[in-house]
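Shown below: structure11.pdb, with PDB, C-alpha atoms.
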```pdb
ATOM      1  CA  MET N 276     152.767  27.380  83.861
ATOM      2  CA  ARG N 277     151.781  30.479  85.813
ATOM      3  CA  LYS N 278     151.198  33.618  83.799
ATOM      4  CA  LEU N 279     150.104  37.163  84.560
ATOM      5  CA  ALA N 280     148.299  39.556  82.254
ATOM      6  CA  PHE N 281     148.130  43.098  83.545
ATOM      7  CA  ILE N 282     146.783  46.151  81.748
ATOM      8  CA  PRO N 283     147.311  49.394  83.667
ATOM      9  CA  LEU N 284     144.560  51.959  83.851
ATOM     10  CA  GLY N 285     146.640  54.334  81.713
ATOM     11  CA  ALA N 286     146.142  52.064  78.703
ATOM     12  CA  LEU N 287     142.424  52.633  78.898
ATOM     13  CA  LEU N 288     142.727  56.266  79.970
ATOM     14  CA  GLY N 289     144.873  57.177  76.972
ATOM     15  CA  THR N 290     142.429  55.625  74.550
ATOM     16  CA  LEU N 291     139.629  57.683  76.089
ATOM     17  CA  LEU N 292     141.715  60.850  75.939
ATOM     18  CA  PHE N 293     142.292  60.237  72.225
ATOM     19  CA  ALA N 294     138.771  61.499  71.508
ATOM     20  CA  LEU N 295     139.133  64.654  73.612
ATOM     21  CA  PRO N 296     140.324  68.051  72.315
ATOM     22  CA  ALA N 297     143.802  69.200  73.176
ATOM     23  CA  GLY N 298     144.503  71.175  76.306
ATOM     24  CA  ALA N 299     147.215  73.733  76.829
ATOM     25  CA  SER N 300     150.208  73.363  74.540
ATOM     26  CA  GLY N 301     153.286  72.036  76.313
ATOM     27  CA  ALA N 302     151.455  70.921  79.491
ATOM     28  CA  THR N 303     153.096  68.350  81.780
ATOM     29  CA  GLN N 304     151.277  66.644  84.640
ATOM     30  CA  THR N 305     152.431  64.002  87.098
ATOM     31  CA  PHE N 306     150.310  61.688  89.204
ATOM     32  CA  ASP N 307     150.929  59.135  91.925
ATOM     33  CA  VAL N 308     148.183  56.521  91.775
ATOM     34  CA  THR N 309     147.128  53.413  93.695
ATOM     35  CA  ASN N 310     144.332  51.188  92.379
ATOM     36  CA  SER N 311     142.968  48.037  93.961
ATOM     37  CA  GLY N 312     140.082  45.823  92.996
ATOM     38  CA  PRO N 313     138.790  42.566  91.564
ATOM     39  CA  TYR N 314     140.722  41.200  88.606
ATOM     40  CA  LEU N 315     140.628  38.281  86.165
ATOM     41  CA  ASP N 316     144.110  37.283  85.013
ATOM     42  CA  GLN N 317     143.696  36.611  81.281
ATOM     43  CA  CYS N 318     146.741  34.329  81.109
ATOM     44  CA  SER N 319     146.155  31.994  84.058
ATOM     45  CA  GLY N 320     142.371  32.264  84.495
ATOM     46  CA  LEU N 321     142.783  33.085  88.191
ATOM     47  CA  THR N 322     140.540  35.712  89.747
ATOM     48  CA  GLY N 323     141.512  37.753  92.776
ATOM     49  CA  THR N 324     142.564  41.225  93.839
ATOM     50  CA  LEU N 325     145.012  43.334  91.845
ATOM     51  CA  THR N 326     146.745  46.318  93.435
ATOM     52  CA  ASP N 327     148.963  48.606  91.390
ATOM     53  CA  THR N 328     150.857  51.646  92.585
ATOM     54  CA  TYR N 329     152.593  53.826  90.042
ATOM     55  CA  HIS N 330     153.987  57.221  89.114
ATOM     56  CA  GLN N 331     152.560  58.589  85.873
ATOM     57  CA  VAL N 332     153.861  61.450  83.746
ATOM     58  CA  VAL N 333     151.610  62.980  81.086
ATOM     59  CA  LEU N 334     153.159  65.250  78.437
ATOM     60  CA  GLU N 335     150.733  67.097  76.180
ATOM     61  CA  SER N 336     151.433  69.457  73.283
ATOM     62  CA  VAL N 337     150.142  70.806  69.985
ATOM     63  CA  ASN N 338     152.747  71.492  67.289
ATOM     64  CA  ALA N 339     152.740  74.277  64.662
ATOM     65  CA  ALA N 340     150.973  71.981  62.165
ATOM     66  CA  GLY N 341     148.069  71.504  64.590
ATOM     67  CA  ILE N 342     148.937  67.924  65.569
ATOM     68  CA  TYR N 343     147.977  67.000  69.130
ATOM     69  CA  HIS N 344     150.584  64.824  70.883
ATOM     70  CA  LEU N 345     150.050  63.041  74.196
ATOM     71  CA  ASN N 346     152.666  60.828  75.853
ATOM     72  CA  ILE N 347     151.756  58.880  78.996
ATOM     73  CA  SER N 348     154.476  57.018  80.902
ATOM     74  CA  GLN N 349     153.906  54.841  83.981
ATOM     75  CA  ASN N 350     156.336  53.056  86.287
ATOM     76  CA  GLY N 351     155.252  51.140  89.350
ATOM     77  CA  THR N 352     154.576  47.953  91.239
ATOM     78  CA  VAL N 353     151.836  45.374  90.924
ATOM     79  CA  ASN N 354     150.558  42.771  93.369
ATOM     80  CA  PHE N 355     147.990  40.073  92.524
ATOM     81  CA  VAL N 356     146.417  37.873  95.216
ATOM     82  CA  PRO N 357     144.197  35.049  93.928
ATOM     83  CA  ASP N 358     140.812  34.581  95.596
ATOM     84  CA  PRO N 359     141.579  32.185  98.488
ATOM     85  CA  THR N 360     138.069  30.679  98.391
ATOM     86  CA  LEU N 361     138.126  29.840  94.678
ATOM     87  CA  PHE N 362     141.854  29.092  94.408
ATOM     88  CA  PRO N 363     143.093  27.851  97.814
ATOM     89  CA  GLY N 364     146.867  27.633  97.901
ATOM     90  CA  ALA N 365     147.371  29.489  94.604
ATOM     91  CA  PRO N 366     150.493  31.672  94.767
ATOM     92  CA  SER N 367     150.355  35.460  94.701
ATOM     93  CA  PHE N 368     152.362  37.619  92.283
ATOM     94  CA  THR N 369     154.536  40.667  92.965
ATOM     95  CA  GLY N 370     156.354  42.619  90.290
ATOM     96  CA  THR N 371     157.140  45.890  88.584
ATOM     97  CA  PHE N 372     155.704  47.343  85.406
ATOM     98  CA  HIS N 373     156.272  50.023  82.816
ATOM     99  CA  GLY N 374     153.615  51.300  80.471
ATOM    100  CA  SER N 375     153.852  53.905  77.757
ATOM    101  CA  GLU N 376     151.231  55.303  75.459
ATOM    102  CA  VAL N 377     151.614  57.768  72.601
ATOM    103  CA  ILE N 378     148.686  59.517  70.940
ATOM    104  CA  ASN N 379     148.953  61.681  67.819
ATOM    105  CA  SER N 380     145.910  63.371  66.299
ATOM    106  CA  PRO N 381     144.998  66.586  64.492
ATOM    107  CA  VAL N 382     143.261  69.042  66.825
ATOM    108  CA  VAL N 383     140.468  69.281  64.243
ATOM    109  CA  GLY N 384     139.074  66.042  62.810
ATOM    110  CA  VAL N 385     138.779  62.476  63.946
ATOM    111  CA  LYS N 386     141.915  60.830  62.501
ATOM    112  CA  GLY N 387     144.988  59.896  64.491
ATOM    113  CA  SER N 388     146.767  57.018  66.207
ATOM    114  CA  VAL N 389     147.362  55.433  69.608
ATOM    115  CA  THR N 390     150.288  53.117  70.405
ATOM    116  CA  ASN N 391     150.565  51.305  73.750
ATOM    117  CA  LEU N 392     153.346  49.129  75.183
ATOM    118  CA  THR N 393     153.053  47.513  78.602
ATOM    119  CA  THR N 394     155.568  45.194  80.286
ATOM    120  CA  VAL N 395     155.344  43.454  83.677
ATOM    121  CA  ASN N 396     158.113  41.451  85.328
ATOM    122  CA  GLY N 397     158.076  39.710  88.706
ATOM    123  CA  PHE N 398     157.765  36.516  90.714
ATOM    124  CA  TRP N 399     155.030  34.294  92.066
ATOM    125  CA  SER N 400     155.196  33.512  95.775
ATOM    126  CA  ASP N 401     156.222  29.919  94.887
ATOM    127  CA  GLY N 402     159.438  31.368  93.375
ATOM    128  CA  SER N 403     158.497  30.988  89.706
ATOM    129  CA  HIS N 404     159.099  33.861  87.315
ATOM    130  CA  GLY N 405     156.221  35.675  85.614
ATOM    131  CA  ALA N 406     156.350  38.275  82.869
ATOM    132  CA  PHE N 407     153.929  39.828  80.439
ATOM    133  CA  GLN N 408     154.138  42.121  77.438
ATOM    134  CA  MET N 409     151.396  43.652  75.337
ATOM    135  CA  ILE N 410     151.597  45.963  72.333
ATOM    136  CA  PHE N 411     148.649  47.465  70.495
ATOM    137  CA  HIS N 412     148.217  50.158  67.911
ATOM    138  CA  LEU N 413     144.970  51.885  66.939
ATOM    139  CA  THR N 414     144.600  54.127  63.894
ATOM    140  CA  VAL N 415     141.626  56.217  62.795
ATOM    141  CA  ASN N 416     141.906  57.404  59.179
ATOM    142  CA  ALA N 417     140.360  60.540  57.665
ATOM    143  CA  ASN N 418     137.046  58.828  56.808
ATOM    144  CA  GLY N 419     136.674  57.435  60.349
ATOM    145  CA  THR N 420     137.736  53.849  59.644
ATOM    146  CA  VAL N 421     139.337  52.322  62.754
ATOM    147  CA  THR N 422     142.168  49.789  62.433
ATOM    148  CA  VAL N 423     143.446  47.938  65.506
ATOM    149  CA  GLU N 424     146.669  45.928  65.514
ATOM    150  CA  PHE N 425     147.114  43.839  68.647
ATOM    151  CA  SER N 426     150.250  41.782  69.251
ATOM    152  CA  GLY N 427     148.348  39.611  71.689
ATOM    153  CA  LEU N 428     149.416  38.845  75.204
ATOM    154  CA  ASN N 429     152.943  37.552  75.451
ATOM    155  CA  CYS N 430     152.710  35.683  78.756
ATOM    156  CA  ILE N 431     155.913  34.186  80.128
ATOM    157  CA  GLY N 432     156.082  32.052  83.225
ATOM    158  CA  SER N 433     157.327  28.792  84.624
ATOM    159  CA  ASP N 434     156.577  26.522  87.528
TER     160      ASP N 434
END
```

Please express what this file holds, its structure, as structure tokens.
Amino acid sequence: MRKLAFIPLGALLGTLLFALPAGASGATQTFDVTNSGPYLDQCSGLTGTLTDTYHQVVLESVNAAGIYHLNISQNGTVNFVPDPTLFPGAPSFTGTFHGSEVINSPVVGVKGSVTNLTTVNGFWSDGSHGAFQMIFHLTVNANGTVTVEFSGLNCIGSD
């Protein structure tokens, strides 16, 4: 069974932004991004090169109660090419993905939450289907205790 596990950069970026103070209330930013580099596919164990190209929209606001809200949405394409030296003849993967991340936190203090959902859907070059979904939620309570709920990787694929 061929499987693909893909975590867009926005998933990590949003978690890092969680610790930063809020910017201008009601700010919206858009980005067009292409990343390429070495990658280890957590589902199949294949290593190779992952290239993702996506459009990202970042909405940022602070409400009247002083709660910072950040919403990151990504839509794009992903291409994974296994290392031909280590995995000769292994098929490549091409697909689309959507990622969303929501962060809510008081402007003052350390508590808050992050929720991330990422889905990937596509095909291996041998014609088999590959899909992946990941959901995680992180909460920091008022005394600084961090709780992480991770649904695990839901890898779907067939030969």

Self-check item: Explicit residue set for the PyMOL selection byres ((chain N and resi 418) around 12), as a PyMOL selection string
Solution: chain N and resi 384-387+414-417+419-422

Practice problem: Show which residues sit within 12 Å of Gly427 of chain N, as a count of residues only. Count all atoms listed in the file, and ignore same-chain residues fewer than 4 positions away. | Solution: 12

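Nearest to Thr324 of chain N of all the residues N:Thr303, N:Asn429, N:Asn354, N:Thr371 is N:Asn354, counting all atoms listed in the file.
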
Practice problem: Considering all atoms listed in the file, return as a PyMOL selection string whatever protein or nucleic-acid residues lie within 8 Å of Pro359 of chain N, sequence-local ones (same chain, fewer than 5 positions apart) excluded. | Solution: chain N and resi 323+364-365

Check what the PyMOL selection byres ((chain N and resi 322) around 6) selects in the file above and give those residues as a PDB file with C-alpha atoms, in the frame of the given file.
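Output (result_9.pdb):
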```
ATOM      1  CA  TYR N 314     140.722  41.200  88.606  1.00  0.00           C
ATOM      2  CA  LEU N 315     140.628  38.281  86.165  1.00  0.00           C
ATOM      3  CA  LEU N 321     142.783  33.085  88.191  1.00  0.00           C
ATOM      4  CA  GLY N 323     141.512  37.753  92.776  1.00  0.00           C
ATOM      5  CA  PRO N 357     144.197  35.049  93.928  1.00  0.00           C
ATOM      6  CA  ASP N 358     140.812  34.581  95.596  1.00  0.00           C
TER       7      ASP N 358
END
```

Exercise. Write out as an MDAnalysis selection string each polymer residue whose atoms come within 10 Å of Gly402 of chain N, counting all atoms listed in the file; drop sequence neighbours fewer than 2 positions from it.
Key: chainID N and resid 366 368 397:400 404:405 433:434

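Among the candidates N:Phe425, N:Gly351, N:Cys430, N:Gln331, the one nearest to Val389 of chain N when counting only C-alpha atoms is N:Phe425.
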
Practice problem: Excluding Phe306 of chain N and residues on its chain fewer than 3 positions from it, collect all residues at most 9 Å away from it, counting all atoms listed in the file, and give them as a list of chain:residue names. | Solution: N:Tyr329, N:His330, N:Gln331, N:Val332, N:Val333

Practice problem: Kindly give the distance, in Å, that separates atom CA of Pro381 of chain N and atom CA of His344 of chain N, rounded to a single decimal. | Solution: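 According to the coordinates, atom CA of Pro381 of chain N and atom CA of His344 of chain N are separated by 8.7 Å.
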
So which residues get picked by the PyMOL selection byres ((chain N and resi 349) around 12) here, written as a PDB file with C-alpha atoms, in the coordinates of the input?
```pdb
ATOM      1  CA  ILE N 282     146.783  46.151  81.748  1.00  0.00           C
ATOM      2  CA  PRO N 283     147.311  49.394  83.667  1.00  0.00           C
ATOM      3  CA  LEU N 284     144.560  51.959  83.851  1.00  0.00           C
ATOM      4  CA  GLY N 285     146.640  54.334  81.713  1.00  0.00           C
ATOM      5  CA  ALA N 286     146.142  52.064  78.703  1.00  0.00           C
ATOM      6  CA  LEU N 288     142.727  56.266  79.970  1.00  0.00           C
ATOM      7  CA  GLY N 289     144.873  57.177  76.972  1.00  0.00           C
ATOM      8  CA  THR N 305     152.431  64.002  87.098  1.00  0.00           C
ATOM      9  CA  PHE N 306     150.310  61.688  89.204  1.00  0.00           C
ATOM     10  CA  ASP N 307     150.929  59.135  91.925  1.00  0.00           C
ATOM     11  CA  VAL N 308     148.183  56.521  91.775  1.00  0.00           C
ATOM     12  CA  THR N 309     147.128  53.413  93.695  1.00  0.00           C
ATOM     13  CA  ASP N 327     148.963  48.606  91.390  1.00  0.00           C
ATOM     14  CA  THR N 328     150.857  51.646  92.585  1.00  0.00           C
ATOM     15  CA  TYR N 329     152.593  53.826  90.042  1.00  0.00           C
ATOM     16  CA  HIS N 330     153.987  57.221  89.114  1.00  0.00           C
ATOM     17  CA  GLN N 331     152.560  58.589  85.873  1.00  0.00           C
ATOM     18  CA  VAL N 332     153.861  61.450  83.746  1.00  0.00           C
ATOM     19  CA  VAL N 333     151.610  62.980  81.086  1.00  0.00           C
ATOM     20  CA  LEU N 334     153.159  65.250  78.437  1.00  0.00           C
ATOM     21  CA  ASN N 346     152.666  60.828  75.853  1.00  0.00           C
ATOM     22  CA  ILE N 347     151.756  58.880  78.996  1.00  0.00           C
ATOM     23  CA  SER N 348     154.476  57.018  80.902  1.00  0.00           C
ATOM     24  CA  ASN N 350     156.336  53.056  86.287  1.00  0.00           C
ATOM     25  CA  GLY N 351     155.252  51.140  89.350  1.00  0.00           C
ATOM     26  CA  THR N 352     154.576  47.953  91.239  1.00  0.00           C
ATOM     27  CA  VAL N 353     151.836  45.374  90.924  1.00  0.00           C
ATOM     28  CA  THR N 371     157.140  45.890  88.584  1.00  0.00           C
ATOM     29  CA  PHE N 372     155.704  47.343  85.406  1.00  0.00           C
ATOM     30  CA  HIS N 373     156.272  50.023  82.816  1.00  0.00           C
ATOM     31  CA  GLY N 374     153.615  51.300  80.471  1.00  0.00           C
ATOM     32  CA  SER N 375     153.852  53.905  77.757  1.00  0.00           C
ATOM     33  CA  GLU N 376     151.231  55.303  75.459  1.00  0.00           C
ATOM     34  CA  VAL N 377     151.614  57.768  72.601  1.00  0.00           C
ATOM     35  CA  ASN N 391     150.565  51.305  73.750  1.00  0.00           C
ATOM     36  CA  LEU N 392     153.346  49.129  75.183  1.00  0.00           C
ATOM     37  CA  THR N 393     153.053  47.513  78.602  1.00  0.00           C
ATOM     38  CA  THR N 394     155.568  45.194  80.286  1.00  0.00           C
ATOM     39  CA  VAL N 395     155.344  43.454  83.677  1.00  0.00           C
TER      40      VAL N 395
END
```

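For the pair atom CA of Leu361 of chain N and atom CA of Ala406 of chain N, the separation is 23.3 Å.
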
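In this comparison, which uses all atoms listed in the file, the residue of N:Ser319, N:Gln304, N:Ser311, N:Asn338 approaching Ile431 of chain N most closely is N:Ser319.
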
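Atom CA of Asp401 of chain N to atom CA of Thr360 of chain N spans 18.5 Å [interatomic distance, one decimal].
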
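Taking only C-alpha atoms into account, Thr369 of chain N lies nearest to N:Ser403 out of the set N:Ser388, N:Tyr343, N:Gly301, N:Ser403.
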
Quiz item: Looking at N:Val382, N:Val356, N:Ala339, N:Leu345, which one is nearest to Gly312 of chain N, with distances taken over all atoms listed in the file?
Solution: N:Val356
